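Q: Take a look at the following structure, please.
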Amino acid sequence: MPASAGPHTYVYSIEHAKYGVIGTYADTVDDSGGNRRIDTKLRVAIKVLGFVLYREDADRMELWQSGRLLSFHGLTTVNGKPIEVHGEARSGGFAITSPSGTVL
C-alpha cells in the first residue's frame with residue numbers, strides 16, 4: 001500500500017442490545033516512514049443506575065513492515081485487573097510474552 005499523507009483514525013460506537021451505547025473502539029493507522037503503526041483503543045463501561053457493572057479498557061500498538069508484524073504491545077484492564085502482552089519478531093518466529101510466560 002502506498003504511503004499516505006498522515007494517520008487516519010477510525011472510531012466505532014459499541015452498542016449493546018440491552019444497555020445501549022456502552023463504549024467506543026478506535027484504530028489510528030499511520031503508514032508513514034515505510035512502516036505501518038496501528039494504535040487501538042477500546043473503552044467499554046456498562047452502567048445501571050449510575051453504577052458501573054463492568055468496565056474494560058484496552059490499548060494496543062502494532063508495528064508492521066512489508067506485511068510482517070515486527071512488534072506488538074497490549075494492555076487490557078477488566079474491572080481494574082490489568083493483563084499485559086508484548087510481542088516481537090525474532091529470527092525464529094514471533095515471541096509473545098504474557099503473564100503465562102513467553103512462547104515463540
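Here, A, B, ... name the chains of the C-alpha cells in the order displayed, residue numbers run from 1 inside each chain, and ligands are numbered from 1 in the same displayed order.
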For Gln65 (chain A), find every residue with an atom within 12 Å (counting only C-alpha atoms), except residues of its own chain fewer than 3 positions away, and show them as a list in words.

A: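 Close residues of Gln65 (chain A): Met1, Asp30, Asp31, Ser32, Gly33, Gly34, Asn35, Arg36, Arg37, Ile38, Glu62, Arg68, Leu69, Leu70, Ser71 and Ala89 of chain A.
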
Q: Please provide as a VMD selection string all residues within 8 Å of region 74-87 of chain A, with the sequence filter that same-chain residues fewer than 6 positions apart are discarded (counting only C-alpha atoms).

A: chain A and resid 54 to 61 94 to 99

Q: Hey, can you spit out that residue selection with N, CA, C and O atoms as a PDB file, in the first residue's frame?

A:
ATOM      1  N   TYR A  54     -19.553  -3.306  34.750  1.00  0.00           N
ATOM      2  CA  TYR A  54     -18.445  -3.919  34.011  1.00  0.00           C
ATOM      3  C   TYR A  54     -17.680  -2.815  33.298  1.00  0.00           C
ATOM      4  O   TYR A  54     -18.271  -1.903  32.728  1.00  0.00           O
ATOM      5  N   ARG A  55     -16.346  -2.905  33.358  1.00  0.00           N
ATOM      6  CA  ARG A  55     -15.505  -1.939  32.651  1.00  0.00           C
ATOM      7  C   ARG A  55     -14.347  -2.687  32.000  1.00  0.00           C
ATOM      8  O   ARG A  55     -13.723  -3.540  32.624  1.00  0.00           O
ATOM      9  N   GLU A  56     -14.101  -2.337  30.752  1.00  0.00           N
ATOM     10  CA  GLU A  56     -12.952  -2.900  30.038  1.00  0.00           C
ATOM     11  C   GLU A  56     -12.297  -1.793  29.223  1.00  0.00           C
ATOM     12  O   GLU A  56     -12.957  -1.103  28.447  1.00  0.00           O
ATOM     13  N   ASP A  57     -11.000  -1.622  29.438  1.00  0.00           N
ATOM     14  CA  ASP A  57     -10.202  -0.667  28.683  1.00  0.00           C
ATOM     15  C   ASP A  57      -9.046  -1.450  28.066  1.00  0.00           C
ATOM     16  O   ASP A  57      -8.427  -2.282  28.744  1.00  0.00           O
ATOM     17  N   ALA A  58      -8.766  -1.198  26.814  1.00  0.00           N
ATOM     18  CA  ALA A  58      -7.652  -1.874  26.157  1.00  0.00           C
ATOM     19  C   ALA A  58      -6.916  -0.892  25.263  1.00  0.00           C
ATOM     20  O   ALA A  58      -7.532  -0.074  24.583  1.00  0.00           O
ATOM     21  N   ASP A  59      -5.601  -0.980  25.305  1.00  0.00           N
ATOM     22  CA  ASP A  59      -4.739  -0.183  24.439  1.00  0.00           C
ATOM     23  C   ASP A  59      -3.772  -1.157  23.768  1.00  0.00           C
ATOM     24  O   ASP A  59      -3.167  -2.002  24.445  1.00  0.00           O
ATOM     25  N   ARG A  60      -3.637  -1.005  22.460  1.00  0.00           N
ATOM     26  CA  ARG A  60      -2.799  -1.920  21.697  1.00  0.00           C
ATOM     27  C   ARG A  60      -2.000  -1.130  20.678  1.00  0.00           C
ATOM     28  O   ARG A  60      -2.492  -0.152  20.104  1.00  0.00           O
ATOM     29  N   MET A  61      -0.751  -1.554  20.441  1.00  0.00           N
ATOM     30  CA  MET A  61       0.085  -0.957  19.415  1.00  0.00           C
ATOM     31  C   MET A  61       0.708  -2.086  18.597  1.00  0.00           C
ATOM     32  O   MET A  61       1.276  -3.026  19.145  1.00  0.00           O
ATOM     33  N   PHE A  94       7.953 -15.340  16.049  1.00  0.00           N
ATOM     34  CA  PHE A  94       7.407 -14.200  16.782  1.00  0.00           C
ATOM     35  C   PHE A  94       7.274 -14.606  18.242  1.00  0.00           C
ATOM     36  O   PHE A  94       6.608 -15.596  18.561  1.00  0.00           O
ATOM     37  N   ALA A  95       7.923 -13.871  19.133  1.00  0.00           N
ATOM     38  CA  ALA A  95       7.888 -14.173  20.566  1.00  0.00           C
ATOM     39  C   ALA A  95       6.781 -13.371  21.228  1.00  0.00           C
ATOM     40  O   ALA A  95       6.698 -12.152  21.052  1.00  0.00           O
ATOM     41  N   ILE A  96       5.940 -14.052  21.977  1.00  0.00           N
ATOM     42  CA  ILE A  96       4.841 -13.413  22.703  1.00  0.00           C
ATOM     43  C   ILE A  96       5.059 -13.634  24.196  1.00  0.00           C
ATOM     44  O   ILE A  96       5.214 -14.776  24.645  1.00  0.00           O
ATOM     45  N   THR A  97       5.072 -12.539  24.933  1.00  0.00           N
ATOM     46  CA  THR A  97       5.257 -12.600  26.389  1.00  0.00           C
ATOM     47  C   THR A  97       3.972 -12.122  27.049  1.00  0.00           C
ATOM     48  O   THR A  97       3.482 -11.027  26.769  1.00  0.00           O
ATOM     49  N   SER A  98       3.424 -12.972  27.917  1.00  0.00           N
ATOM     50  CA  SER A  98       2.194 -12.666  28.649  1.00  0.00           C
ATOM     51  C   SER A  98       2.415 -13.060  30.102  1.00  0.00           C
ATOM     52  O   SER A  98       3.480 -13.575  30.445  1.00  0.00           O
ATOM     53  N   PRO A  99       1.414 -12.866  30.953  1.00  0.00           N
ATOM     54  CA  PRO A  99       1.575 -13.303  32.342  1.00  0.00           C
ATOM     55  C   PRO A  99       1.850 -14.814  32.456  1.00  0.00           C
ATOM     56  O   PRO A  99       2.417 -15.261  33.455  1.00  0.00           O
TER      57      PRO A  99
END

Q: Show me, as an NGL selection string, the residues that have an atom within 10 Å of Ile46 (chain A) when counting only C-alpha atoms, minus same-chain residues fewer than 6 positions from it.

A: :A and (16 or 19-23 or 52-56)

Q: Those residues you just picked out, can you put them in a file as an mmCIF file, in the first residue's frame with all heavy atoms?

A:
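Saved as out.cif:
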data_model
loop_
_atom_site.group_PDB
_atom_site.id
_atom_site.type_symbol
_atom_site.label_atom_id
_atom_site.label_comp_id
_atom_site.auth_asym_id
_atom_site.auth_seq_id
_atom_site.Cartn_x
_atom_site.Cartn_y
_atom_site.Cartn_z
ATOM 1 N N HIS A 16 -24.912 -2.222 22.879
ATOM 2 C CA HIS A 16 -25.426 -3.472 23.443
ATOM 3 C C HIS A 16 -26.944 -3.460 23.307
ATOM 4 O O HIS A 16 -27.588 -2.420 23.495
ATOM 5 C CB HIS A 16 -25.011 -3.558 24.912
ATOM 6 C CG HIS A 16 -25.331 -4.862 25.556
ATOM 7 N ND1 HIS A 16 -26.573 -5.141 26.075
ATOM 8 C CD2 HIS A 16 -24.569 -5.959 25.762
ATOM 9 C CE1 HIS A 16 -26.553 -6.355 26.593
ATOM 10 N NE2 HIS A 16 -25.362 -6.873 26.411
ATOM 11 N N TYR A 19 -28.242 -2.560 27.010
ATOM 12 C CA TYR A 19 -27.712 -1.393 27.718
ATOM 13 C C TYR A 19 -27.453 -0.180 26.821
ATOM 14 O O TYR A 19 -27.029 0.857 27.304
ATOM 15 C CB TYR A 19 -26.421 -1.778 28.454
ATOM 16 C CG TYR A 19 -26.639 -2.857 29.470
ATOM 17 C CD1 TYR A 19 -26.178 -4.149 29.252
ATOM 18 C CD2 TYR A 19 -27.332 -2.604 30.654
ATOM 19 C CE1 TYR A 19 -26.377 -5.151 30.192
ATOM 20 C CE2 TYR A 19 -27.549 -3.591 31.592
ATOM 21 C CZ TYR A 19 -27.063 -4.866 31.348
ATOM 22 O OH TYR A 19 -27.272 -5.852 32.277
ATOM 23 N N GLY A 20 -27.679 -0.318 25.526
ATOM 24 C CA GLY A 20 -27.465 0.817 24.614
ATOM 25 C C GLY A 20 -25.988 0.994 24.292
ATOM 26 O O GLY A 20 -25.220 0.040 24.261
ATOM 27 N N VAL A 21 -25.587 2.223 24.072
ATOM 28 C CA VAL A 21 -24.186 2.513 23.752
ATOM 29 C C VAL A 21 -23.347 2.321 25.014
ATOM 30 O O VAL A 21 -23.593 2.947 26.039
ATOM 31 C CB VAL A 21 -24.027 3.951 23.207
ATOM 32 C CG1 VAL A 21 -22.558 4.283 22.981
ATOM 33 C CG2 VAL A 21 -24.819 4.115 21.918
ATOM 34 N N ILE A 22 -22.362 1.418 24.918
ATOM 35 C CA ILE A 22 -21.543 1.087 26.085
ATOM 36 C C ILE A 22 -20.073 1.454 25.912
ATOM 37 O O ILE A 22 -19.289 1.271 26.829
ATOM 38 C CB ILE A 22 -21.664 -0.407 26.452
ATOM 39 C CG1 ILE A 22 -21.197 -1.286 25.294
ATOM 40 C CG2 ILE A 22 -23.090 -0.737 26.892
ATOM 41 C CD1 ILE A 22 -21.047 -2.758 25.666
ATOM 42 N N GLY A 23 -19.703 1.963 24.722
ATOM 43 C CA GLY A 23 -18.306 2.329 24.567
ATOM 44 C C GLY A 23 -17.903 2.637 23.153
ATOM 45 O O GLY A 23 -18.739 2.789 22.258
ATOM 46 N N VAL A 52 -21.224 1.292 37.776
ATOM 47 C CA VAL A 52 -20.530 0.533 36.732
ATOM 48 C C VAL A 52 -20.548 -0.942 37.105
ATOM 49 O O VAL A 52 -20.013 -1.350 38.131
ATOM 50 C CB VAL A 52 -19.079 1.023 36.555
ATOM 51 C CG1 VAL A 52 -18.352 0.178 35.518
ATOM 52 C CG2 VAL A 52 -19.059 2.487 36.150
ATOM 53 N N LEU A 53 -21.196 -1.747 36.245
ATOM 54 C CA LEU A 53 -21.251 -3.185 36.464
ATOM 55 C C LEU A 53 -20.059 -3.896 35.821
ATOM 56 O O LEU A 53 -19.636 -4.953 36.285
ATOM 57 C CB LEU A 53 -22.541 -3.763 35.880
ATOM 58 C CG LEU A 53 -23.846 -3.217 36.416
ATOM 59 C CD1 LEU A 53 -25.026 -3.876 35.702
ATOM 60 C CD2 LEU A 53 -23.946 -3.445 37.921
ATOM 61 N N TYR A 54 -19.553 -3.306 34.750
ATOM 62 C CA TYR A 54 -18.445 -3.919 34.011
ATOM 63 C C TYR A 54 -17.680 -2.815 33.298
ATOM 64 O O TYR A 54 -18.271 -1.903 32.728
ATOM 65 C CB TYR A 54 -18.991 -4.907 32.977
ATOM 66 C CG TYR A 54 -17.932 -5.554 32.114
ATOM 67 C CD1 TYR A 54 -17.279 -6.700 32.538
ATOM 68 C CD2 TYR A 54 -17.592 -5.011 30.882
ATOM 69 C CE1 TYR A 54 -16.315 -7.300 31.747
ATOM 70 C CE2 TYR A 54 -16.622 -5.607 30.083
ATOM 71 C CZ TYR A 54 -15.989 -6.751 30.534
ATOM 72 O OH TYR A 54 -15.028 -7.340 29.748
ATOM 73 N N ARG A 55 -16.346 -2.905 33.358
ATOM 74 C CA ARG A 55 -15.505 -1.939 32.651
ATOM 75 C C ARG A 55 -14.347 -2.687 32.000
ATOM 76 O O ARG A 55 -13.723 -3.540 32.624
ATOM 77 C CB ARG A 55 -14.956 -0.876 33.589
ATOM 78 C CG ARG A 55 -14.074 0.151 32.867
ATOM 79 C CD ARG A 55 -13.536 1.222 33.800
ATOM 80 N NE ARG A 55 -14.568 1.925 34.526
ATOM 81 C CZ ARG A 55 -15.291 2.949 34.080
ATOM 82 N NH1 ARG A 55 -15.095 3.384 32.851
ATOM 83 N NH2 ARG A 55 -16.189 3.527 34.828
ATOM 84 N N GLU A 56 -14.101 -2.337 30.752
ATOM 85 C CA GLU A 56 -12.952 -2.900 30.038
ATOM 86 C C GLU A 56 -12.297 -1.793 29.223
ATOM 87 O O GLU A 56 -12.957 -1.103 28.447
ATOM 88 C CB GLU A 56 -13.367 -4.040 29.126
ATOM 89 C CG GLU A 56 -12.198 -4.683 28.426
ATOM 90 C CD GLU A 56 -12.569 -5.948 27.677
ATOM 91 O OE1 GLU A 56 -13.616 -6.565 27.990
ATOM 92 O OE2 GLU A 56 -11.813 -6.324 26.777
#

Q: Which of chain A counts as strand (DSSP E or B) under DSSP, as a PyMOL selection string please?

A: chain A and resi 8-16+20-30+36-48+51-65+68-78+81-90+93-98+101-103

Q: For Val11 (chain A), work out the shell of residues within 12 Å, counting only C-alpha atoms and skipping chain neighbours fewer than 2 positions away, then give it as an mmCIF file with N, CA, C and O atoms, in the first residue's frame.

A:
data_model
loop_
_atom_site.group_PDB
_atom_site.id
_atom_site.type_symbol
_atom_site.label_atom_id
_atom_site.label_comp_id
_atom_site.auth_asym_id
_atom_site.auth_seq_id
_atom_site.Cartn_x
_atom_site.Cartn_y
_atom_site.Cartn_z
ATOM 1 N N HIS A 8 -4.695 8.024 9.849
ATOM 2 C CA HIS A 8 -6.158 8.003 9.713
ATOM 3 C C HIS A 8 -6.731 7.335 10.955
ATOM 4 O O HIS A 8 -6.226 6.296 11.382
ATOM 5 N N THR A 9 -7.778 7.911 11.509
ATOM 6 C CA THR A 9 -8.414 7.349 12.691
ATOM 7 C C THR A 9 -9.823 6.899 12.345
ATOM 8 O O THR A 9 -10.578 7.625 11.693
ATOM 9 N N SER A 13 -18.709 3.091 17.465
ATOM 10 C CA SER A 13 -19.508 3.073 18.683
ATOM 11 C C SER A 13 -19.918 1.633 18.959
ATOM 12 O O SER A 13 -20.288 0.900 18.048
ATOM 13 N N ILE A 14 -19.856 1.237 20.224
ATOM 14 C CA ILE A 14 -20.239 -0.119 20.618
ATOM 15 C C ILE A 14 -21.604 -0.037 21.288
ATOM 16 O O ILE A 14 -21.788 0.682 22.267
ATOM 17 N N GLY A 23 -19.703 1.963 24.722
ATOM 18 C CA GLY A 23 -18.306 2.329 24.567
ATOM 19 C C GLY A 23 -17.903 2.637 23.153
ATOM 20 O O GLY A 23 -18.739 2.789 22.258
ATOM 21 N N THR A 24 -16.577 2.717 22.975
ATOM 22 C CA THR A 24 -16.002 3.016 21.664
ATOM 23 C C THR A 24 -14.805 2.117 21.383
ATOM 24 O O THR A 24 -14.143 1.622 22.304
ATOM 25 N N TYR A 25 -14.553 1.937 20.100
ATOM 26 C CA TYR A 25 -13.383 1.216 19.604
ATOM 27 C C TYR A 25 -12.766 2.116 18.548
ATOM 28 O O TYR A 25 -13.461 2.580 17.637
ATOM 29 N N ALA A 26 -11.474 2.411 18.671
ATOM 30 C CA ALA A 26 -10.829 3.312 17.718
ATOM 31 C C ALA A 26 -9.488 2.755 17.269
ATOM 32 O O ALA A 26 -8.703 2.255 18.080
ATOM 33 N N ASP A 27 -9.235 2.829 15.967
ATOM 34 C CA ASP A 27 -7.950 2.472 15.370
ATOM 35 C C ASP A 27 -7.362 3.714 14.727
ATOM 36 O O ASP A 27 -8.049 4.415 13.982
ATOM 37 N N THR A 28 -6.095 3.969 14.987
ATOM 38 C CA THR A 28 -5.356 5.007 14.282
ATOM 39 C C THR A 28 -4.271 4.306 13.487
ATOM 40 O O THR A 28 -3.433 3.598 14.053
ATOM 41 N N VAL A 29 -4.307 4.476 12.167
ATOM 42 C CA VAL A 29 -3.371 3.809 11.267
ATOM 43 C C VAL A 29 -2.459 4.866 10.663
ATOM 44 O O VAL A 29 -2.918 5.833 10.064
ATOM 45 N N ASP A 39 -2.540 1.932 16.275
ATOM 46 C CA ASP A 39 -2.842 2.116 17.689
ATOM 47 C C ASP A 39 -4.335 1.912 17.874
ATOM 48 O O ASP A 39 -5.141 2.534 17.170
ATOM 49 N N THR A 40 -4.685 1.042 18.807
ATOM 50 C CA THR A 40 -6.083 0.708 19.058
ATOM 51 C C THR A 40 -6.452 1.063 20.489
ATOM 52 O O THR A 40 -5.672 0.820 21.409
ATOM 53 N N LYS A 41 -7.629 1.634 20.654
ATOM 54 C CA LYS A 41 -8.156 1.944 21.983
ATOM 55 C C LYS A 41 -9.583 1.421 22.081
ATOM 56 O O LYS A 41 -10.403 1.702 21.212
ATOM 57 N N LEU A 42 -9.853 0.681 23.131
ATOM 58 C CA LEU A 42 -11.187 0.174 23.431
ATOM 59 C C LEU A 42 -11.592 0.718 24.786
ATOM 60 O O LEU A 42 -10.817 0.634 25.747
ATOM 61 N N ARG A 43 -12.776 1.272 24.858
ATOM 62 C CA ARG A 43 -13.322 1.772 26.120
ATOM 63 C C ARG A 43 -14.756 1.282 26.239
ATOM 64 O O ARG A 43 -15.604 1.660 25.429
#
